[in-house]
Amino acid sequence: MSALLDIRDLKTWLDSSGGVVRAIDGISLEVKNGETFAIVGESGCGKSMTALSVLRLLPDAGQVVGGAVLLGDEDLLRLPETAMRGIRGRRIAMIFQEPATSLNPVLTVGMQIGEVLQRHTELRGAAARKRMLELLDAVGIPDPARRLDEYSFQLSGGMKQRVMIAVALAAEPDLLVADEPTTALDVTIQAQVLDLLKELQRKKGMAILLITHDLGVVAQMAHRVAVMYAGQIIEVAARERFFGTPLHPYSRKLFQALPGSASRGGDLAVIRGQVPPLTTRFGGCRFAERCDLAWERCRTEVPVLTTHGAGQQVRCHLYDKDEDARRAAGEGAVPQALSAAVSVAPEAKASAALLRVRDLKVHFPIRRGLLKRTVGQVRAVDGMSFDLASGMTLALVGESGCGKTTAGKAILQLIRPSAGSVQFQDAELTRLRGQALRSRRADFQLIFQDPFSSLNPRMRVSDILGEGMKALGVADAPAERALRMDRMLAQVGLNAEAKQRYPHEFSGGQRQRIAIARALAVNPKLIVCDEPTSALDVSVQAQILNLLKHLQLDLGLAYLFITHNIAVVEHLAHNVAVMYLGRIVERGSVDEVLRTPRHPYTQALLSAVPALDRTGERKIIRLQGELPSPANPPQGCHFHPRCPQAMPECRLDYPGTVNTGGSHEVSCLLYRDRGG
């Protein structure tokens, strides 16, 4: 494979009030035709800035100050802007990290895909619309004909991301720059999208520059992997070598920070401290202050990227040819020092139910015509019941658009339920209005999925954190509030100076940490966590999960944890509820549901979870068709049109709930005559 993209000694600097930010400080890499090259690393390390530099989409304060970006034989840094417009979207396309801010809210989905087709292809009229429908169908959008005429604000977070992917793939580019392309997607749609990208890669020879914090996705997709840290590449290896024998201490820590069943009941390994500010002029290894193996040389001498067997490159003094340096650290010290001891914390014990939800329904009217008459209902949540005790975590999983986020908002009365009961302690929340409801707001908080749209861009972090405390009477004195802000920021991995900055000055992961700090600042008893770690890299995710677990143990917090990350569910949750089209189809303890899934949908969901294997091969249960529209759910079992085990009677009536042993319950006719 020849090199399609060749980045040579690229340097991108940003002007800031604190000095020059060296966001990219001399990186070199090649992406070959038909290859997937993955870049991993913590938020703020320069991964996304690398992508923006390639496409020349830097902010006004940024400029490329050195290096070259060759697409074939053409240096993109030397082209005029008019020439770059012909390359963006056609030869190089990009999937951005935050679809909510990348999609135009005043244009329909069809208009935004149509812009690409009009500029870069010959398709017009009916042919263009047919292509649009094919793209939406390919990325798993249900009811594509309707969605084509909708706006981005009418879509869930996962659907927005799928539309972004459809826009990027519209002109079949030579190189796809994918910045966290599956962050907001559940695992079944993620499997579809990754398979789609692989298929396009096979058919068209498309190269992919993949930026992600999901090492499972890297294991499945990448041919080669680069690890970035503080604006530099510190390790490059083929996928098999990277997952088999990661060399750099930072790379090894990333693997130890991964959640899963093995880490259940204990703390995840974390990397102490933070990525150093990129305004620093470094005189040694940039990872030295956080490294368990650093010695004096690491702080005084800059390591270079050297080759260490089978083409694997690493920027670390441990692998210098100088044997004295190796002995100074201790031969074989790497695996011992990096095997983190896990402190086992006691499992939370169930108490009386803090939250009782019974037959919760949220139906949105569909209005049409001049008089806007109601002609139907979108059954976003269609009869949900569960209990949640203090000190317990219930994970709510399912495909995007199944009603998870709507259920969370309805429980907190941010959306008024159409029917059902939501009892919090001794209060029926559905009956509370005005001041009576506001007085209970400190007891339950919500961490939103998209931190950018949930943080006011005109407010500093100190105002964002202080707003809730002042409104709900937490820490009345300004000095007490300031002290509490500092403590909460430290707990989520940010320094006190962050208080004086605005949301746009942070990376996506850092913004999510601010959102978590805001929720924790008012001492809630229940937190609805809507994908709170989806925007975080694995090292920061470990900090947040450890924080949430410790807060739960110390304060008895209850979490309703909405997520598509099954590894996080295994690590953090006590119980799991699986949703499909507005209803819970299976629930039970983590071990019951994840070890012995009963419902065919749960089995398909778990089979699509990417694994850290070195072959990238796994047996996935492929579901037929797409998720039906909640405006027109199928008669009988809602899952039967896609179910590989469907029977004729599944089309008649919705199945009742069957207990298959312990707390394990499933709504499926396969178990109507069984007790387990």
# chains A, B, ... in the order shown; residues from 1 in each chain; ligands from 1
$ residues_around --residues "Gln201 (chain A)" --least-positions-apart "3" --cutoff "12 Å" --atoms "only C-alpha atoms" --output "list in words"
Lys32, Asn33, Gly34, Glu35, Thr36, Leu169, Glu172, Pro173, Asp174, Leu175, Leu176, Leu194, Asp195, Leu196, Leu197, Lys198, Lys204, Gly205, Met206, Ala207, Ile208, Leu209, Met221 and Ala222 of chain A
$ residues_around --residues "Ala573 (chain A)" --least-positions-apart "2" --cutoff "6 Å" --atoms "only C-alpha atoms" --output "PDB file with N, CA, C and O atoms, in the first residue's frame"
ATOM      1  N   THR A 393     -26.809   1.384  41.567  1.00  0.00           N
ATOM      2  CA  THR A 393     -26.742   1.887  40.191  1.00  0.00           C
ATOM      3  C   THR A 393     -27.536   0.981  39.277  1.00  0.00           C
ATOM      4  O   THR A 393     -27.275  -0.226  39.215  1.00  0.00           O
ATOM      5  N   LEU A 394     -28.513   1.550  38.592  1.00  0.00           N
ATOM      6  CA  LEU A 394     -29.262   0.836  37.562  1.00  0.00           C
ATOM      7  C   LEU A 394     -28.812   1.362  36.209  1.00  0.00           C
ATOM      8  O   LEU A 394     -28.929   2.554  35.918  1.00  0.00           O
ATOM      9  N   ALA A 395     -28.254   0.487  35.390  1.00  0.00           N
ATOM     10  CA  ALA A 395     -27.838   0.862  34.045  1.00  0.00           C
ATOM     11  C   ALA A 395     -28.993   0.647  33.078  1.00  0.00           C
ATOM     12  O   ALA A 395     -29.623  -0.421  33.078  1.00  0.00           O
ATOM     13  N   VAL A 569     -20.908  -0.633  32.230  1.00  0.00           N
ATOM     14  CA  VAL A 569     -21.982  -1.309  32.960  1.00  0.00           C
ATOM     15  C   VAL A 569     -21.416  -2.427  33.832  1.00  0.00           C
ATOM     16  O   VAL A 569     -21.754  -2.563  35.012  1.00  0.00           O
ATOM     17  N   ASN A 575     -27.453  -3.329  38.736  1.00  0.00           N
ATOM     18  CA  ASN A 575     -28.549  -3.922  37.977  1.00  0.00           C
ATOM     19  C   ASN A 575     -28.588  -3.307  36.571  1.00  0.00           C
ATOM     20  O   ASN A 575     -28.093  -2.203  36.350  1.00  0.00           O
TER      21      ASN A 575
END
$ residues_around --residues "Thr596 (chain A)" --least-positions-apart "6" --cutoff "12 Å" --atoms "only C-alpha atoms" --output "list in words"
Glu586, Arg587, Gly588, Ser589, Val590, Thr602, Gln603, Leu606, Thr660, Gly661, His664, Glu665, Val666 and Gly676 of chain A
$ write_last_selection --atoms "C-alpha atoms" --output "CSV table (one decimal), in the first residue's frame"
chain,number,residue,atom,x,y,z
A,586,GLU,CA,-35.0,-7.6,30.1
A,587,ARG,CA,-33.7,-6.7,33.5
A,588,GLY,CA,-31.8,-8.2,36.4
A,589,SER,CA,-28.5,-8.0,38.1
A,590,VAL,CA,-25.4,-7.4,36.1
A,602,THR,CA,-30.0,-8.5,24.6
A,603,GLN,CA,-28.1,-11.3,23.0
A,606,LEU,CA,-23.9,-8.0,23.8
A,660,THR,CA,-36.4,-16.7,34.9
A,661,GLY,CA,-34.8,-17.0,38.3
A,664,HIS,CA,-33.9,-11.8,36.2
A,665,GLU,CA,-37.0,-10.9,34.3
A,666,VAL,CA,-37.6,-11.0,30.5
A,676,GLY,CA,-35.4,-20.4,33.9
$ residues_around --residues "Asp320 (chain A)" --least-positions-apart "6" --cutoff "9 Å" --atoms "only C-alpha atoms" --output "ChimeraX atom specification"
/A:303-304,306,308,326
$ atom_distance --atom1 "CA of Ala128 (chain A)" --atom2 "CA of Val116 (chain A)"
10.3 Å
$ residues_around --residues "Lys160 (chain A)" --least-positions-apart "4" --cutoff "7 Å" --atoms "only C-alpha atoms" --output "list in words"
Pro99, Ala100, Ser152, Leu155, Ser156 and Met164 of chain A
$ residues_around --residues "Gly72 (chain A)" --least-positions-apart "3" --cutoff "10 Å" --atoms "only C-alpha atoms" --output "MDAnalysis selection string"
chainID A and resid 2:6 32:33 69 75:76
$ residues_around --residues "Ala257 (chain A)" --least-positions-apart "2" --cutoff "7 Å" --atoms "only C-alpha atoms" --output "VMD selection string"
chain A and resid 253 to 255 259 268 to 270 538 to 539 542
$ write_last_selection --atoms "all heavy atoms" --output "compact mmCIF listing (two decimals), in the first residue's frame"
# COMPACT_ATOMS: atom_id res chain seq x y z
N LYS A 253 -0.65 2.19 30.81
CA LYS A 253 -1.63 2.73 31.74
C LYS A 253 -3.01 2.84 31.11
O LYS A 253 -4.04 2.65 31.77
CB LYS A 253 -1.18 4.10 32.24
CG LYS A 253 -0.19 4.06 33.40
CD LYS A 253 -0.88 3.66 34.70
CE LYS A 253 0.03 3.87 35.89
NZ LYS A 253 -0.64 3.49 37.15
N LEU A 254 -3.06 3.15 29.82
CA LEU A 254 -4.34 3.23 29.13
C LEU A 254 -5.08 1.89 29.21
O LEU A 254 -6.30 1.85 29.43
CB LEU A 254 -4.14 3.63 27.66
CG LEU A 254 -3.73 5.07 27.37
CD1 LEU A 254 -3.57 5.28 25.88
CD2 LEU A 254 -4.74 6.06 27.93
N PHE A 255 -4.36 0.79 29.02
CA PHE A 255 -4.99 -0.53 29.10
C PHE A 255 -5.47 -0.84 30.51
O PHE A 255 -6.52 -1.44 30.71
CB PHE A 255 -4.02 -1.60 28.61
CG PHE A 255 -3.90 -1.67 27.11
CD1 PHE A 255 -2.82 -1.09 26.46
CD2 PHE A 255 -4.87 -2.30 26.36
CE1 PHE A 255 -2.72 -1.14 25.07
CE2 PHE A 255 -4.78 -2.35 24.97
CZ PHE A 255 -3.70 -1.77 24.33
N PRO A 259 -12.41 -0.21 31.98
CA PRO A 259 -13.36 -0.87 32.89
C PRO A 259 -13.78 -2.23 32.33
O PRO A 259 -13.59 -2.52 31.15
CB PRO A 259 -14.54 0.10 32.92
CG PRO A 259 -14.50 0.77 31.57
CD PRO A 259 -13.04 0.85 31.20
N LEU A 268 -10.33 1.54 39.25
CA LEU A 268 -9.56 1.44 38.02
C LEU A 268 -8.23 2.15 38.21
O LEU A 268 -8.13 3.13 38.95
CB LEU A 268 -10.33 2.08 36.86
CG LEU A 268 -11.62 1.38 36.44
CD1 LEU A 268 -12.43 2.29 35.52
CD2 LEU A 268 -11.32 0.07 35.75
N ALA A 269 -7.21 1.67 37.54
CA ALA A 269 -5.92 2.36 37.55
C ALA A 269 -6.08 3.71 36.87
O ALA A 269 -6.71 3.83 35.83
CB ALA A 269 -4.86 1.53 36.83
N VAL A 270 -5.52 4.74 37.48
CA VAL A 270 -5.59 6.08 36.90
C VAL A 270 -4.18 6.63 36.74
O VAL A 270 -3.24 6.20 37.41
CB VAL A 270 -6.43 7.05 37.77
CG1 VAL A 270 -7.85 6.58 37.89
CG2 VAL A 270 -5.81 7.22 39.16
N VAL A 538 -10.10 6.94 27.87
CA VAL A 538 -10.17 5.89 28.89
C VAL A 538 -9.51 6.30 30.19
O VAL A 538 -9.96 5.90 31.27
CB VAL A 538 -9.56 4.57 28.37
CG1 VAL A 538 -10.42 3.97 27.30
CG2 VAL A 538 -8.13 4.77 27.87
N SER A 539 -8.44 7.08 30.16
CA SER A 539 -7.77 7.46 31.41
C SER A 539 -8.64 8.39 32.24
O SER A 539 -8.74 8.25 33.46
CB SER A 539 -6.41 8.10 31.11
OG SER A 539 -6.56 9.25 30.32
N ALA A 542 -11.66 6.55 33.66
CA ALA A 542 -11.33 5.81 34.88
C ALA A 542 -11.44 6.72 36.09
O ALA A 542 -11.97 6.31 37.14
CB ALA A 542 -9.92 5.23 34.77
$ closest_residue --among "A:Arg78, A:His550, A:Arg583, A:Arg642" --to "Asp359 (chain A)" --atoms "only C-alpha atoms"
A:Arg583
$ closest_atom_pairs --of "region 437-486 of chain A" --to "region 493-509 of chain A" --cutoff "7 Å" --atoms "only C-alpha atoms" --output "tab-separated table"
residue	atom	partner	partner_atom	distance
A:Leu455	CA	A:Pro503	CA	6.8
A:Pro457	CA	A:Pro503	CA	5.8
A:Met459	CA	A:Tyr502	CA	6.3
A:Arg460	CA	A:Tyr502	CA	4.6
A:Val461	CA	A:Lys499	CA	4.7
A:Ser462	CA	A:Lys499	CA	4.6
A:Asp486	CA	A:Ala496	CA	5.3
$ atom_distance --atom1 "CA of Ser439 (chain A)" --atom2 "CA of Ala471 (chain A)"
9.8 Å
$ select_by_dssp --residues "region 424-640 of chain A" --states "strand (DSSP E or B)" --output "count of residues only"
30
$ closest_residue --among "A:Arg290, A:Arg224, A:Lys409, A:Arg162" --to "Val31 (chain A)" --atoms "only C-alpha atoms"
A:Arg224
$ closest_residue --among "A:Asn523, A:Thr405, A:Gln624, A:Gln423" --to "Ala353 (chain A)" --atoms "only C-alpha atoms"
A:Gln423
$ atom_distance --atom1 "CA of Ser385 (chain A)" --atom2 "CA of Gly401 (chain A)"
18.5 Å
$ closest_residue --among "A:Phe452, A:His363, A:Leu29, A:Gln445" --to "Ala419 (chain A)" --atoms "only C-alpha atoms"
A:His363
$ decode --residues "region 184-200 of chain A" --atoms "all heavy atoms" --output "short mmCIF file (atom, residue, chain, number, x, y, z; two decimals), in the first residue's frame"
data_model
loop_
_atom_site.label_atom_id
_atom_site.label_comp_id
_atom_site.auth_asym_id
_atom_site.auth_seq_id
_atom_site.Cartn_x
_atom_site.Cartn_y
_atom_site.Cartn_z
N ALA A 184 -21.26 8.53 20.15
CA ALA A 184 -22.64 8.66 20.60
C ALA A 184 -23.52 7.47 20.20
O ALA A 184 -24.72 7.50 20.39
CB ALA A 184 -23.24 9.95 20.06
N LEU A 185 -22.94 6.43 19.65
CA LEU A 185 -23.73 5.32 19.12
C LEU A 185 -23.75 4.14 20.06
O LEU A 185 -22.76 3.83 20.72
CB LEU A 185 -23.16 4.88 17.77
CG LEU A 185 -23.00 5.95 16.70
CD1 LEU A 185 -22.51 5.32 15.41
CD2 LEU A 185 -24.30 6.70 16.47
N ASP A 186 -24.89 3.46 20.11
CA ASP A 186 -24.94 2.20 20.83
C ASP A 186 -24.19 1.13 20.05
O ASP A 186 -23.87 1.31 18.87
CB ASP A 186 -26.39 1.77 21.06
CG ASP A 186 -27.15 1.63 19.76
OD1 ASP A 186 -27.05 0.57 19.14
OD2 ASP A 186 -27.83 2.60 19.36
N VAL A 187 -23.93 0.00 20.70
CA VAL A 187 -23.01 -0.97 20.10
C VAL A 187 -23.56 -1.63 18.83
O VAL A 187 -22.79 -1.98 17.93
CB VAL A 187 -22.60 -2.05 21.13
CG1 VAL A 187 -21.71 -1.45 22.19
CG2 VAL A 187 -23.81 -2.72 21.75
N THR A 188 -24.87 -1.80 18.72
CA THR A 188 -25.41 -2.44 17.51
C THR A 188 -25.25 -1.52 16.30
O THR A 188 -24.85 -1.97 15.22
CB THR A 188 -26.90 -2.81 17.69
OG1 THR A 188 -27.63 -1.64 18.09
CG2 THR A 188 -27.07 -3.90 18.72
N ILE A 189 -25.54 -0.24 16.49
CA ILE A 189 -25.36 0.71 15.39
C ILE A 189 -23.88 0.94 15.15
O ILE A 189 -23.43 1.10 14.00
CB ILE A 189 -26.08 2.04 15.69
CG1 ILE A 189 -27.59 1.79 15.88
CG2 ILE A 189 -25.86 3.03 14.56
CD1 ILE A 189 -28.28 1.17 14.69
N GLN A 190 -23.09 0.96 16.21
CA GLN A 190 -21.64 1.07 16.05
C GLN A 190 -21.10 -0.05 15.19
O GLN A 190 -20.29 0.17 14.28
CB GLN A 190 -20.96 1.03 17.43
CG GLN A 190 -19.44 1.01 17.35
CD GLN A 190 -18.81 1.00 18.73
OE1 GLN A 190 -18.50 2.04 19.29
NE2 GLN A 190 -18.61 -0.18 19.29
N ALA A 191 -21.56 -1.28 15.44
CA ALA A 191 -21.12 -2.42 14.63
C ALA A 191 -21.52 -2.23 13.17
O ALA A 191 -20.74 -2.52 12.26
CB ALA A 191 -21.72 -3.72 15.18
N GLN A 192 -22.74 -1.71 12.94
CA GLN A 192 -23.19 -1.43 11.57
C GLN A 192 -22.30 -0.40 10.89
O GLN A 192 -21.87 -0.57 9.75
CB GLN A 192 -24.63 -0.87 11.60
CG GLN A 192 -25.73 -1.89 11.60
CD GLN A 192 -27.08 -1.21 11.47
OE1 GLN A 192 -27.21 -0.20 10.80
NE2 GLN A 192 -28.09 -1.77 12.10
N VAL A 193 -22.02 0.69 11.61
CA VAL A 193 -21.25 1.78 11.04
C VAL A 193 -19.82 1.34 10.75
O VAL A 193 -19.26 1.63 9.68
CB VAL A 193 -21.27 3.00 11.98
CG1 VAL A 193 -20.25 4.04 11.54
CG2 VAL A 193 -22.66 3.62 12.02
N LEU A 194 -19.21 0.62 11.68
CA LEU A 194 -17.84 0.15 11.47
C LEU A 194 -17.78 -0.84 10.32
O LEU A 194 -16.83 -0.82 9.51
CB LEU A 194 -17.29 -0.47 12.76
CG LEU A 194 -17.14 0.49 13.94
CD1 LEU A 194 -16.58 -0.25 15.15
CD2 LEU A 194 -16.26 1.68 13.60
N ASP A 195 -18.78 -1.70 10.21
CA ASP A 195 -18.84 -2.62 9.07
C ASP A 195 -19.00 -1.85 7.76
O ASP A 195 -18.41 -2.21 6.74
CB ASP A 195 -20.01 -3.60 9.24
CG ASP A 195 -19.68 -4.70 10.24
OD1 ASP A 195 -18.50 -4.80 10.64
OD2 ASP A 195 -20.59 -5.45 10.62
N LEU A 196 -19.82 -0.77 7.80
CA LEU A 196 -20.01 0.07 6.61
C LEU A 196 -18.69 0.71 6.19
O LEU A 196 -18.34 0.71 5.01
CB LEU A 196 -21.06 1.15 6.91
CG LEU A 196 -21.25 2.23 5.85
CD1 LEU A 196 -21.79 1.64 4.56
CD2 LEU A 196 -22.16 3.33 6.37
N LEU A 197 -17.95 1.24 7.17
CA LEU A 197 -16.66 1.86 6.86
C LEU A 197 -15.69 0.83 6.30
O LEU A 197 -14.95 1.11 5.34
CB LEU A 197 -16.08 2.52 8.11
CG LEU A 197 -16.86 3.70 8.69
CD1 LEU A 197 -16.17 4.24 9.93
CD2 LEU A 197 -17.02 4.80 7.66
N LYS A 198 -15.69 -0.37 6.88
CA LYS A 198 -14.82 -1.44 6.36
C LYS A 198 -15.19 -1.82 4.94
O LYS A 198 -14.32 -2.04 4.09
CB LYS A 198 -14.91 -2.66 7.27
CG LYS A 198 -14.09 -2.59 8.55
CD LYS A 198 -14.21 -3.91 9.28
CE LYS A 198 -13.26 -3.98 10.46
NZ LYS A 198 -13.36 -5.28 11.16
N GLU A 199 -16.49 -1.90 4.68
CA GLU A 199 -16.95 -2.30 3.35
C GLU A 199 -16.56 -1.24 2.31
O GLU A 199 -16.10 -1.56 1.21
CB GLU A 199 -18.47 -2.49 3.36
CG GLU A 199 -19.06 -3.01 2.06
CD GLU A 199 -18.55 -4.40 1.68
OE1 GLU A 199 -18.10 -5.15 2.58
OE2 GLU A 199 -18.58 -4.72 0.48
N LEU A 200 -16.75 0.04 2.66
CA LEU A 200 -16.34 1.12 1.76
C LEU A 200 -14.83 1.09 1.54
O LEU A 200 -14.34 1.35 0.44
CB LEU A 200 -16.76 2.47 2.33
CG LEU A 200 -18.25 2.82 2.20
CD1 LEU A 200 -18.56 4.06 3.01
CD2 LEU A 200 -18.63 3.03 0.75
#
